[in-house]
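File shown: start_14.cif (mmCIF, C-alpha atoms).
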data_model
#
loop_
_atom_site.label_atom_id
_atom_site.label_comp_id
_atom_site.auth_asym_id
_atom_site.auth_seq_id
_atom_site.Cartn_x
_atom_site.Cartn_y
_atom_site.Cartn_z
CA MET Z 15 -41.95 18.92 -47.75
CA ASN Z 16 -42.77 19.13 -44.05
CA LYS Z 17 -42.85 15.35 -43.93
CA LYS Z 18 -39.38 15.15 -45.45
CA ILE Z 19 -38.05 17.66 -42.98
CA GLY Z 20 -39.66 15.78 -40.14
CA ILE Z 21 -38.05 12.48 -41.16
CA VAL Z 22 -34.63 14.08 -41.49
CA MET Z 23 -35.00 15.88 -38.15
CA ALA Z 24 -36.05 12.63 -36.48
CA ALA Z 25 -33.00 10.84 -37.86
CA LEU Z 26 -30.72 13.67 -36.79
CA MET Z 27 -32.23 13.70 -33.31
CA MET Z 28 -31.68 9.98 -32.93
CA ALA Z 29 -28.08 10.37 -34.01
CA ALA Z 30 -27.62 13.27 -31.59
CA LEU Z 31 -29.04 11.18 -28.76
CA VAL Z 32 -26.64 8.35 -29.46
CA MET Z 33 -23.38 10.34 -29.75
CA PRO Z 34 -23.53 12.20 -26.39
CA ALA Z 35 -24.18 8.84 -24.73
CA VAL Z 36 -20.81 7.72 -26.09
CA MET Z 37 -18.90 10.89 -25.20
CA ALA Z 38 -20.28 11.23 -21.68
CA ALA Z 39 -20.79 7.73 -20.32
CA ASP Z 40 -21.02 7.48 -16.58
CA VAL Z 41 -18.35 5.35 -15.00
CA THR Z 42 -18.41 4.27 -11.41
CA TYR Z 43 -15.05 4.06 -9.68
CA THR Z 44 -14.24 2.42 -6.40
CA ALA Z 45 -10.90 1.45 -4.99
CA SER Z 46 -9.33 -1.20 -2.88
CA VAL Z 47 -6.51 0.44 -0.95
CA LEU Z 48 -3.86 -1.20 1.24
CA GLY Z 49 -4.54 -0.14 4.87
CA GLY Z 50 -2.15 0.60 7.63
CA GLN Z 51 -0.05 3.28 9.19
CA ASN Z 52 2.33 5.25 7.01
CA THR Z 53 4.58 7.41 9.13
CA ALA Z 54 7.47 9.61 8.10
CA ILE Z 55 9.87 11.91 9.89
CA THR Z 56 9.19 15.19 8.14
CA SER Z 57 11.94 17.09 9.95
CA SER Z 58 14.60 16.41 12.54
CA ASP Z 59 17.14 18.40 14.50
CA GLY Z 60 19.42 16.62 16.95
CA ALA Z 61 22.24 19.13 17.15
CA PHE Z 62 22.54 20.16 20.79
CA GLY Z 63 25.83 21.94 20.23
CA SER Z 64 27.93 22.76 23.30
CA ILE Z 65 26.58 21.96 26.79
CA ILE Z 66 28.31 22.78 30.04
CA GLN Z 67 28.86 19.87 32.45
CA GLY Z 68 25.98 19.51 34.90
CA ASN Z 69 23.55 21.33 32.64
CA SER Z 70 20.75 20.45 30.26
CA LYS Z 71 19.96 21.70 26.81
CA SER Z 72 16.75 21.34 24.84
CA ILE Z 73 15.75 21.39 21.20
CA ALA Z 74 12.15 22.55 20.96
CA SER Z 75 11.31 20.72 17.74
CA SER Z 76 13.70 17.82 17.49
CA VAL Z 77 11.65 15.38 15.46
CA VAL Z 78 8.33 15.77 13.67
CA LEU Z 79 6.31 12.69 12.74
CA SER Z 80 3.48 12.58 10.23
CA ASN Z 81 1.11 9.64 9.74
CA THR Z 82 -0.51 9.77 6.31
CA GLY Z 83 -1.93 6.25 6.45
CA ASP Z 84 -5.42 5.14 7.40
CA ALA Z 85 -4.60 3.56 10.75
CA THR Z 86 -3.07 4.71 14.01
CA ALA Z 87 0.67 4.18 14.30
CA VAL Z 88 2.26 2.68 17.37
CA VAL Z 89 5.61 4.41 17.79
CA THR Z 90 8.52 3.26 19.92
CA ALA Z 91 11.86 4.96 20.46
CA SER Z 92 15.07 3.37 21.64
CA SER Z 93 18.67 4.41 22.07
CA VAL Z 94 21.86 3.31 23.77
CA GLY Z 95 22.70 6.94 24.46
CA LEU Z 96 25.40 9.30 23.19
CA THR Z 97 28.91 7.91 23.01
CA GLY Z 98 32.15 9.85 23.00
CA PRO Z 99 35.42 10.27 24.89
CA GLY Z 100 33.74 9.72 28.25
CA THR Z 101 30.95 7.63 29.69
CA THR Z 102 27.94 7.12 27.46
CA MET Z 103 25.35 9.78 28.20
CA THR Z 104 21.94 8.17 28.66
CA ASN Z 105 19.82 11.01 30.03
CA LEU Z 106 18.10 11.80 26.76
CA VAL Z 107 14.40 12.61 26.87
CA LEU Z 108 11.83 13.31 24.18
CA THR Z 109 8.98 15.59 25.19
CA LYS Z 110 5.50 16.06 23.77
CA ASP Z 111 2.61 17.89 25.40
CA SER Z 112 4.49 18.11 28.72
CA THR Z 113 5.04 14.33 28.78
CA ASN Z 114 8.63 13.14 28.97
CA TYR Z 115 9.78 9.94 27.30
CA ALA Z 116 13.17 8.58 28.36
CA VAL Z 117 14.45 6.88 25.23
CA VAL Z 118 17.25 4.86 26.85
CA PRO Z 119 16.87 1.91 26.56
CA SER Z 120 13.44 2.17 24.93
CA VAL Z 121 10.05 3.73 25.41
CA ALA Z 122 6.63 3.70 23.79
CA LEU Z 123 5.81 7.15 22.49
CA ALA Z 124 2.26 8.40 22.06
CA ASN Z 125 0.25 6.63 19.38
CA LEU Z 126 -0.01 8.76 16.28
CA VAL Z 127 -3.50 8.85 14.82
CA ASN Z 128 -3.65 8.76 11.03
CA GLY Z 129 -3.86 12.19 9.50
CA TYR Z 130 -2.02 13.82 12.38
CA THR Z 131 1.44 15.16 13.03
CA ALA Z 132 3.40 14.93 16.29
CA THR Z 133 6.27 17.20 17.28
CA TYR Z 134 8.73 16.05 19.92
CA GLY Z 135 11.28 18.19 21.70
CA ALA Z 136 14.52 16.66 22.96
CA THR Z 137 16.45 17.37 26.15
CA LEU Z 138 19.93 16.12 26.97
CA THR Z 139 21.27 16.36 30.52
CA VAL Z 140 25.05 16.22 30.87
CA PRO Z 141 26.42 14.72 34.10
CA ALA Z 142 28.47 17.06 36.27
CA LEU Z 143 31.75 15.20 35.75
CA GLN Z 144 31.27 14.25 32.12
CA THR Z 145 34.49 14.17 30.09
CA ALA Z 146 34.61 17.05 27.62
CA GLY Z 147 34.44 16.31 23.92
CA SER Z 148 32.04 15.51 21.09
CA TYR Z 149 29.35 12.93 21.67
CA SER Z 150 26.88 11.44 19.24
CA GLY Z 151 24.13 8.86 19.27
CA THR Z 152 21.09 7.59 17.49
CA VAL Z 153 17.43 7.30 18.44
CA ALA Z 154 15.70 4.51 16.53
CA LEU Z 155 12.02 5.10 15.85
CA VAL Z 156 9.87 2.10 14.96
CA PHE Z 157 6.44 2.49 13.37
CA ALA Z 158 3.88 -0.30 13.53
CA ASN Z 159 0.18 -0.77 12.92
CA ILE Z 160 -1.94 -0.57 16.05
CA MET N 4 -19.96 18.46 -12.84
CA ARG N 5 -19.50 14.93 -14.12
CA ILE N 6 -16.24 15.89 -15.80
CA ILE N 7 -14.95 17.48 -12.59
CA LEU N 8 -15.82 14.34 -10.62
CA ILE N 9 -14.09 12.11 -13.14
CA LEU N 10 -11.00 14.37 -13.10
CA LEU N 11 -10.90 14.33 -9.31
CA LEU N 12 -11.21 10.56 -9.20
CA THR N 13 -8.56 10.23 -11.89
CA ILE N 14 -6.19 12.45 -9.90
CA LEU N 15 -6.84 10.31 -6.83
CA PHE N 16 -5.98 7.15 -8.68
CA ILE N 17 -3.09 8.28 -10.85
CA THR N 18 -1.37 10.47 -8.26
CA PRO N 19 1.04 8.36 -6.24
CA PRO N 20 -0.47 7.96 -2.75
CA ALA N 21 1.24 10.03 -0.06
CA LEU N 22 2.56 6.89 1.63
CA SER N 23 5.35 7.06 4.20
CA LEU N 24 7.43 4.27 5.71
CA GLY N 25 5.12 1.39 6.28
CA MET N 26 4.67 -2.32 6.01
CA SER N 27 1.46 -4.35 5.98
CA ASP N 28 0.64 -6.87 8.68
CA TYR N 29 0.01 -10.41 7.42
CA GLY N 30 -2.01 -13.36 8.62
CA PHE N 31 -1.22 -16.78 7.22
CA GLY N 32 -4.53 -18.03 8.52
CA GLN N 33 -4.71 -21.70 9.38
CA VAL N 34 -1.51 -23.60 8.69
CA GLU N 35 -0.95 -27.33 8.95
CA GLN N 36 1.81 -29.04 10.86
CA GLY N 37 4.67 -29.99 8.53
CA GLN N 38 3.59 -27.71 5.69
CA THR N 39 5.27 -24.73 4.01
CA TYR N 40 3.51 -21.49 3.07
CA TYR N 41 4.50 -18.42 1.08
CA ALA N 42 3.54 -14.76 1.26
CA THR N 43 4.68 -11.41 -0.06
CA ILE N 44 4.66 -8.30 2.08
CA PRO N 45 5.46 -4.82 0.73
CA VAL N 46 7.70 -2.27 2.45
CA PHE N 47 7.12 1.21 1.08
CA GLN N 48 8.46 4.73 1.33
CA SER N 49 6.95 8.01 0.17
CA ALA N 50 8.37 11.14 -1.37
CA LEU N 51 8.48 12.46 2.21
CA ASP N 52 11.12 9.90 3.06
CA PHE N 53 14.77 9.71 2.04
CA GLU N 54 17.03 7.12 0.46
CA ASN N 55 17.74 4.45 2.99
CA ASP N 56 19.32 1.02 3.41
CA PHE N 57 17.27 -1.59 5.24
CA THR N 58 17.95 -4.89 7.00
CA ILE N 59 15.22 -7.35 7.94
CA GLU N 60 14.95 -8.59 11.53
CA THR N 61 12.45 -11.19 12.68
CA GLY N 62 11.02 -11.73 16.14
CA GLY N 63 8.30 -13.42 18.16
CA GLU N 64 7.11 -17.02 18.37
CA LEU N 65 7.13 -17.43 14.59
CA SER N 66 10.62 -16.06 14.02
CA GLY N 67 12.16 -19.51 13.99
CA TRP N 68 9.65 -20.74 11.43
CA PHE N 69 9.93 -18.18 8.67
CA LYS N 70 12.56 -16.78 6.34
CA VAL N 71 12.37 -13.42 4.64
CA MET N 72 14.10 -12.46 1.41
CA PRO N 73 15.75 -10.18 0.62
CA VAL N 74 17.41 -9.57 3.98
CA ASN N 75 19.12 -6.37 2.85
CA PHE N 76 17.83 -3.83 0.35
CA SER N 77 17.81 -0.14 -0.43
CA LEU N 78 14.82 2.09 -1.07
CA GLY N 79 14.73 5.51 -2.67
CA LYS N 80 11.99 8.08 -2.22
CA GLY N 81 8.62 6.69 -3.23
CA GLU N 82 9.98 3.18 -3.76
CA SER N 83 8.74 -0.11 -2.42
CA GLN N 84 10.23 -3.56 -1.91
CA MET N 85 8.29 -6.82 -1.88
CA LEU N 86 9.47 -9.20 0.81
CA ASN N 87 9.12 -12.93 0.11
CA VAL N 88 8.18 -14.73 3.30
CA THR N 89 8.43 -18.52 3.62
CA LEU N 90 6.75 -20.08 6.65
CA THR N 91 7.64 -23.69 7.45
CA VAL N 92 5.53 -25.17 10.22
CA PRO N 93 7.30 -27.86 12.25
CA GLY N 94 5.69 -31.26 12.14
CA ASP N 95 5.42 -31.30 15.90
CA ALA N 96 4.19 -27.74 16.33
CA LYS N 97 1.55 -27.39 19.01
CA LEU N 98 -1.89 -26.43 17.81
CA GLY N 99 -2.90 -22.86 18.43
CA ASP N 100 -2.30 -19.22 17.50
CA TYR N 101 1.18 -17.87 16.94
CA ASN N 102 2.54 -14.36 16.46
CA GLY N 103 5.73 -12.95 15.03
CA THR N 104 7.22 -9.75 13.68
CA ILE N 105 9.17 -8.71 10.64
CA LYS N 106 11.00 -5.42 11.06
CA ALA N 107 12.66 -3.43 8.29
CA VAL N 108 15.39 -1.44 10.02
CA GLY N 109 16.80 1.61 8.28
CA HIS N 110 20.51 2.27 8.71
CA ARG N 111 20.91 5.83 7.48
CA PRO N 112 20.07 8.65 9.91
CA VAL N 113 17.34 11.08 8.91
CA PRO N 114 18.79 14.18 7.22
CA GLN N 115 19.22 16.79 9.92
CA GLY N 116 18.08 20.35 10.26
CA GLY N 117 19.43 22.77 12.86
CA ASN N 118 22.47 25.01 12.79
CA GLN N 119 24.52 23.85 15.74
CA THR N 120 27.88 22.28 15.02
CA GLY N 121 30.12 20.18 17.22
CA GLY N 122 29.27 19.27 20.80
CA ALA N 123 26.52 16.71 21.30
CA MET N 124 24.54 15.35 18.39
CA VAL N 125 21.63 12.93 18.17
CA GLY N 126 20.49 11.36 14.93
CA TYR N 127 17.22 9.59 14.21
CA THR N 128 16.78 6.36 12.31
CA VAL N 129 13.53 4.74 11.25
CA ALA N 130 12.16 1.23 11.07
CA THR N 131 8.78 -0.28 10.36
CA LEU N 132 7.29 -3.43 11.73
CA SER N 133 4.84 -5.97 10.42
CA LYS N 134 2.90 -8.30 12.70
CA ILE N 135 2.60 -11.86 11.44
CA ARG N 136 -0.03 -14.32 12.62
CA ALA N 137 -0.71 -17.99 12.03
CA SER N 138 -2.97 -20.62 13.55
CA VAL N 139 -1.58 -24.14 13.57
CA VAL N 140 -4.24 -26.76 12.81
CA LYS N 141 -4.25 -30.48 12.27
CA PRO N 142 -3.67 -31.80 8.74
CA GLY N 143 -6.90 -32.26 6.82
CA SER N 144 -8.12 -28.72 7.18
CA LYS N 145 -8.95 -27.43 3.71
CA GLU N 146 -8.45 -23.80 2.81
CA ILE N 147 -9.92 -23.13 -0.62
CA VAL N 148 -10.92 -19.85 -2.22
CA ALA N 149 -12.80 -19.74 -5.51
CA ILE N 150 -12.90 -16.79 -7.91
CA GLU N 151 -16.34 -16.14 -9.42
CA ASN N 152 -18.24 -13.58 -11.49
CA ILE N 153 -15.26 -11.91 -13.11
CA VAL N 154 -16.12 -8.67 -14.91
CA THR N 155 -13.50 -7.08 -17.16
CA PRO N 156 -13.68 -3.98 -19.38
CA GLY N 157 -12.67 -5.78 -22.60
CA ARG N 158 -11.45 -2.61 -24.24
CA VAL N 159 -10.16 0.70 -22.86
CA SER N 160 -8.56 3.81 -24.29
CA PRO N 161 -4.99 4.85 -23.42
CA GLY N 162 -5.03 6.85 -20.19
CA GLU N 163 -8.39 5.40 -19.19
CA ILE N 164 -8.46 3.38 -15.98
CA ALA N 165 -9.58 -0.23 -16.49
CA GLY N 166 -11.74 -1.63 -13.72
CA PHE N 167 -11.90 -5.34 -12.92
CA SER N 168 -14.26 -6.95 -10.44
CA ALA N 169 -14.64 -10.46 -9.08
CA VAL N 170 -16.28 -12.33 -6.26
CA ILE N 171 -14.08 -14.52 -4.07
CA ARG N 172 -15.71 -17.25 -2.02
CA ASN N 173 -14.39 -19.47 0.77
CA THR N 174 -15.23 -22.99 -0.36
CA GLY N 175 -12.98 -24.75 2.15
CA ASN N 176 -13.79 -26.09 5.59
CA VAL N 177 -11.92 -23.49 7.67
CA PRO N 178 -11.95 -19.69 7.80
CA THR N 179 -9.25 -18.06 5.71
CA THR N 180 -7.67 -14.72 4.74
CA ALA N 181 -7.22 -13.99 1.05
CA ILE N 182 -5.59 -11.36 -1.14
CA LEU N 183 -6.75 -10.94 -4.74
CA THR N 184 -4.06 -9.81 -7.20
CA LEU N 185 -4.65 -8.60 -10.74
CA THR N 186 -1.70 -9.46 -13.02
CA ILE N 187 -1.43 -7.78 -16.39
CA GLN N 188 0.75 -9.46 -19.01
CA GLN N 189 1.78 -8.64 -22.54
CA GLY N 190 3.31 -11.53 -24.41
CA SER N 191 5.60 -13.30 -21.99
CA GLY N 192 6.27 -10.21 -19.91
CA LYS N 193 4.49 -9.02 -16.78
CA ILE N 194 3.33 -5.43 -16.97
CA ALA N 195 1.72 -4.86 -13.59
CA ASP N 196 0.58 -6.47 -10.34
CA VAL N 197 -2.33 -4.84 -8.51
CA PRO N 198 -3.03 -6.41 -5.08
CA SER N 199 -6.09 -5.96 -2.93
CA ALA N 200 -6.14 -5.58 0.84
CA PRO N 201 -6.25 -8.83 2.85
CA MET N 202 -9.84 -10.06 3.31
CA GLU N 203 -11.03 -12.43 5.99
CA LEU N 204 -13.55 -15.01 4.78
CA ALA N 205 -15.68 -17.09 7.11
CA LEU N 206 -16.92 -20.51 6.02
CA GLY N 207 -18.90 -20.06 2.80
CA GLU N 208 -18.52 -16.29 2.86
CA LYS N 209 -18.09 -14.35 -0.38
CA LYS N 210 -16.81 -10.83 -1.01
CA GLU N 211 -16.71 -8.63 -4.08
CA VAL N 212 -13.37 -7.07 -4.97
CA GLU N 213 -12.61 -4.30 -7.45
CA LEU N 214 -9.13 -3.64 -8.81
CA PHE N 215 -7.96 -0.97 -11.22
CA TRP N 216 -5.19 -0.75 -13.79
CA LYS N 217 -4.15 2.25 -15.87
CA PRO N 218 -2.53 1.15 -19.13
CA ALA N 219 0.42 3.20 -20.29
CA ALA N 220 0.45 2.11 -23.91
CA GLU N 221 -1.81 0.76 -26.60
CA GLY N 222 -1.78 -2.94 -27.31
CA SER N 223 -3.28 -6.27 -26.45
CA TYR N 224 -2.91 -7.55 -22.91
CA LYS N 225 -3.92 -10.54 -20.81
CA ALA N 226 -5.26 -10.23 -17.27
CA VAL N 227 -5.26 -12.96 -14.64
CA LEU N 228 -6.81 -12.74 -11.20
CA THR N 229 -5.03 -14.70 -8.46
CA ALA N 230 -6.43 -15.35 -5.00
CA SER N 231 -3.65 -15.99 -2.44
CA TYR N 232 -4.58 -17.59 0.88
CA GLY N 233 -2.81 -19.74 3.44
CA GLY N 234 0.20 -20.16 1.17
CA LYS N 235 -1.97 -21.38 -1.72
CA THR N 236 -3.32 -19.69 -4.83
CA THR N 237 -6.30 -19.93 -7.13
CA ASN N 238 -5.97 -18.45 -10.62
CA SER N 239 -8.69 -17.31 -12.98
CA GLU N 240 -8.60 -18.01 -16.68
CA PRO N 241 -6.73 -15.27 -18.60
CA VAL N 242 -8.92 -12.62 -20.19
CA SER N 243 -7.93 -10.30 -23.01
CA ILE N 244 -7.83 -6.54 -22.69
CA ASP N 245 -7.34 -4.29 -25.70
CA VAL N 246 -6.00 -0.79 -25.20
CA GLY N 247 -6.41 1.57 -28.10
CA ARG N 248 -8.41 4.31 -29.73
CA SER N 249 -11.33 3.12 -31.80
CA VAL N 250 -14.70 4.13 -33.10
CA PRO N 251 -17.13 2.28 -30.88
CA GLY N 252 -20.01 0.55 -32.54
CA VAL N 253 -22.47 3.08 -31.16
CA GLN N 254 -20.62 5.99 -32.77
CA ALA N 255 -20.68 4.09 -36.04
CA ILE N 256 -24.45 3.73 -35.75
CA ALA N 257 -24.76 7.51 -35.33
CA VAL N 258 -22.71 8.10 -38.46
CA ILE N 259 -24.78 5.60 -40.45
CA MET N 260 -28.01 7.24 -39.34
CA LEU N 261 -26.76 10.63 -40.48
CA ILE N 262 -25.86 9.18 -43.86
CA LEU N 263 -29.29 7.52 -44.16
CA ALA N 264 -31.03 10.74 -43.22
CA ALA N 265 -29.11 12.65 -45.84
CA ALA N 266 -29.82 9.97 -48.48
CA LEU N 267 -33.53 9.91 -47.64
CA PHE N 268 -33.80 13.65 -47.85
CA ARG N 269 -32.07 13.75 -51.18
CA ARG N 270 -34.29 10.92 -52.55
CA LYS N 271 -37.47 12.64 -51.49
CA LEU N 272 -36.34 15.78 -53.21
#
Written as structure tokens, how would this file's structure read?
Amino acid sequence: MNKKIGIVMAALMMAALVMPAVMAADVTYTASVLGGQNTAITSSDGAFGSIIQGNSKSIASSVVLSNTGDATAVVTASSVGLTGPGTTMTNLVLTKDSTNYAVVPSVALANLVNGYTATYGATLTVPALQTAGSYSGTVALVFANI
Amino acid sequence: MRIILILLLTILFITPPALSLGMSDYGFGQVEQGQTYYATIPVFQSALDFENDFTIETGGELSGWFKVMPVNFSLGKGESQMLNVTLTVPGDAKLGDYNGTIKAVGHRPVPQGGNQTGGAMVGYTVATLSKIRASVVKPGSKEIVAIENIVTPGRVSPGEIAGFSAVIRNTGNVPTTAILTLTIQQGSGKIADVPSAPMELALGEKKEVELFWKPAAEGSYKAVLTASYGGKTTNSEPVSIDVGRSVPGVQAIAVIMLILAAALFRRKL
């Protein structure tokens, strides 16, 4: 009787050893991922509103950049200025960490290391004799791999 | 612990990567005078981005030698566009290294925050730039990449990630840069393309590459590995992949052993 039980138990144990090996097989995963910078503008605010002639106005957080890639991004900014009823206004400056970047006609901004975010303020200076009215313009940001 | 690790890895691979606006650089490697070469370069946006319309601009020494299609395209959040690049090297091109750029310029301004109205307004637009390189060599240079030691899963379950590995080897007589692409087909239709990162191969050098595909549905598929280098390609033989639930042979053995044990016990009684 004990011998019979032993044979059955041995068979059951062998079966039990086999099944967990199927249900819990180790699998090794690796990945081949495309490298490079991946930068987005996560927020922007370029609305200066009304500015008196001869004065400046700033936006503390005008554009926020985030690089979620695996390489540093080289960032350049360019603009022709703000156009409107009068002369094109070209005194537009982006500021980060007390460094000013005059974007007209173009400027290299600080490199953005992957995994980091950069916040730039913007300051527009209106000439003393600037014609009154609404002005608008565009700053083009270009992201490239370092 | 093992289950947690597998779940974490699965999340990493099935969750769309948090990519933002970007474009890969590309090196054509050594190109011969008078020859034409082809490449594909992806432009991609993430869920952080916004719907945008893009135009391609080229620049640099190579700009007169290559064409990019499409020139105009639109991308939504999380979308990507493959650019087809054709490089035609003039027959009288001077030997040496050349550089160029391909820039995808977005036309729509970034959606604005702020609460000021009227007055002066500045909008931001985005663009991304890819650096292109090529080295002009004399005709007779041979760029050849062989695909060796292909390992495929054979059979996977739905939702399981299938891993493919291969060794690529530079068997030519000049250094080269290669991309290995896994193409999954079902019948006459293409299901997926999974590219690797560009890999530089010195003379005789070999590198192992692993690529992964997550099947969405059960069925029988074919997989082909393609090495792209210097405008040329090397294809592997197609291999079959079956996706479906089944009772593996090992599980069947366990069931048979249980039956035998029960039969033996009953006989002895």
CA of Asn159 in chain Z and CA of Val88 in chain Z are how many Å apart?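 Atom-to-atom, CA of Asn159 in chain Z to CA of Val88 in chain Z, that is 6.0 Å.
Every protein, DNA or RNA residue with an atom at most 9 Å from range 116-118 of chain Z, where only C-alpha atoms count and chain neighbours fewer than 5 positions away do not, is listed here: Thr90, Ala91, Ser92, Ser93, Val94, Gly95, Thr104, Asn105, Leu106, Val107, Leu108, Thr109 and Val153 of chain Z.
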With only C-alpha atoms as the counted atoms, please give the residues lying no more than 10 Å from range 141-152 of chain N, apart from itself and same-chain residues fewer than 4 positions off, as a compact mmCIF listing (two decimals) with C-alpha atoms, keeping the file's coordinate frame.
# COMPACT_ATOMS: atom_id res chain seq x y z
CA GLY N 32 -4.53 -18.03 8.52
CA GLN N 33 -4.71 -21.70 9.38
CA VAL N 34 -1.51 -23.60 8.69
CA GLU N 35 -0.95 -27.33 8.95
CA GLN N 36 1.81 -29.04 10.86
CA GLY N 37 4.67 -29.99 8.53
CA GLN N 38 3.59 -27.71 5.69
CA GLY N 94 5.69 -31.26 12.14
CA ALA N 96 4.19 -27.74 16.33
CA LYS N 97 1.55 -27.39 19.01
CA LEU N 98 -1.89 -26.43 17.81
CA GLY N 99 -2.90 -22.86 18.43
CA SER N 168 -14.26 -6.95 -10.44
CA ALA N 169 -14.64 -10.46 -9.08
CA VAL N 170 -16.28 -12.33 -6.26
CA ILE N 171 -14.08 -14.52 -4.07
CA ARG N 172 -15.71 -17.25 -2.02
CA ASN N 173 -14.39 -19.47 0.77
CA THR N 174 -15.23 -22.99 -0.36
CA GLY N 175 -12.98 -24.75 2.15
CA ASN N 176 -13.79 -26.09 5.59
CA VAL N 177 -11.92 -23.49 7.67
CA PRO N 178 -11.95 -19.69 7.80
CA THR N 179 -9.25 -18.06 5.71
CA THR N 180 -7.67 -14.72 4.74
CA ALA N 181 -7.22 -13.99 1.05
CA LEU N 183 -6.75 -10.94 -4.74
CA LEU N 204 -13.55 -15.01 4.78
CA LEU N 206 -16.92 -20.51 6.02
CA GLY N 207 -18.90 -20.06 2.80
CA GLU N 208 -18.52 -16.29 2.86
CA LYS N 209 -18.09 -14.35 -0.38
CA LYS N 210 -16.81 -10.83 -1.01
CA GLU N 211 -16.71 -8.63 -4.08
CA LEU N 228 -6.81 -12.74 -11.20
CA THR N 229 -5.03 -14.70 -8.46
CA ALA N 230 -6.43 -15.35 -5.00
CA SER N 231 -3.65 -15.99 -2.44
CA TYR N 232 -4.58 -17.59 0.88
CA GLY N 233 -2.81 -19.74 3.44
CA GLY N 234 0.20 -20.16 1.17
CA LYS N 235 -1.97 -21.38 -1.72
CA THR N 236 -3.32 -19.69 -4.83
CA THR N 237 -6.30 -19.93 -7.13
CA ASN N 238 -5.97 -18.45 -10.62
CA SER N 239 -8.69 -17.31 -12.98
CA GLU N 240 -8.60 -18.01 -16.68
Can you tell me which residues surround Thr89 in chain N at a distance of at most 10 Å, considering all atoms listed in the file, apart from same-chain residues fewer than 3 positions away, and format the answer as an MDAnalysis selection string? chainID N and resid 39:43 68:72 86 92 234
To test your reading of the syntax: which residues would the PyMOL selection byres ((chain Z and resi 66-80) around 6) return for the file shown? Reply as a list in words.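 Evaluating the PyMOL selection byres ((chain Z and resi 66-80) around 6) on this file yields Thr53, Ala54, Ile55, Thr56, Ser57, Ser58, Asp59, Gly60, Ile65, Asn81, Thr131, Ala132, Thr133, Tyr134, Gly135, Ala136, Thr137, Leu138, Thr139, Val140, Pro141 and Ala142 of chain Z.
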Nearest to chain Z, chosen from N:Ser243, N:Ser49, N:Gln188, N:Asn102, with all atoms listed in the file counted in the distances: N:Ser49
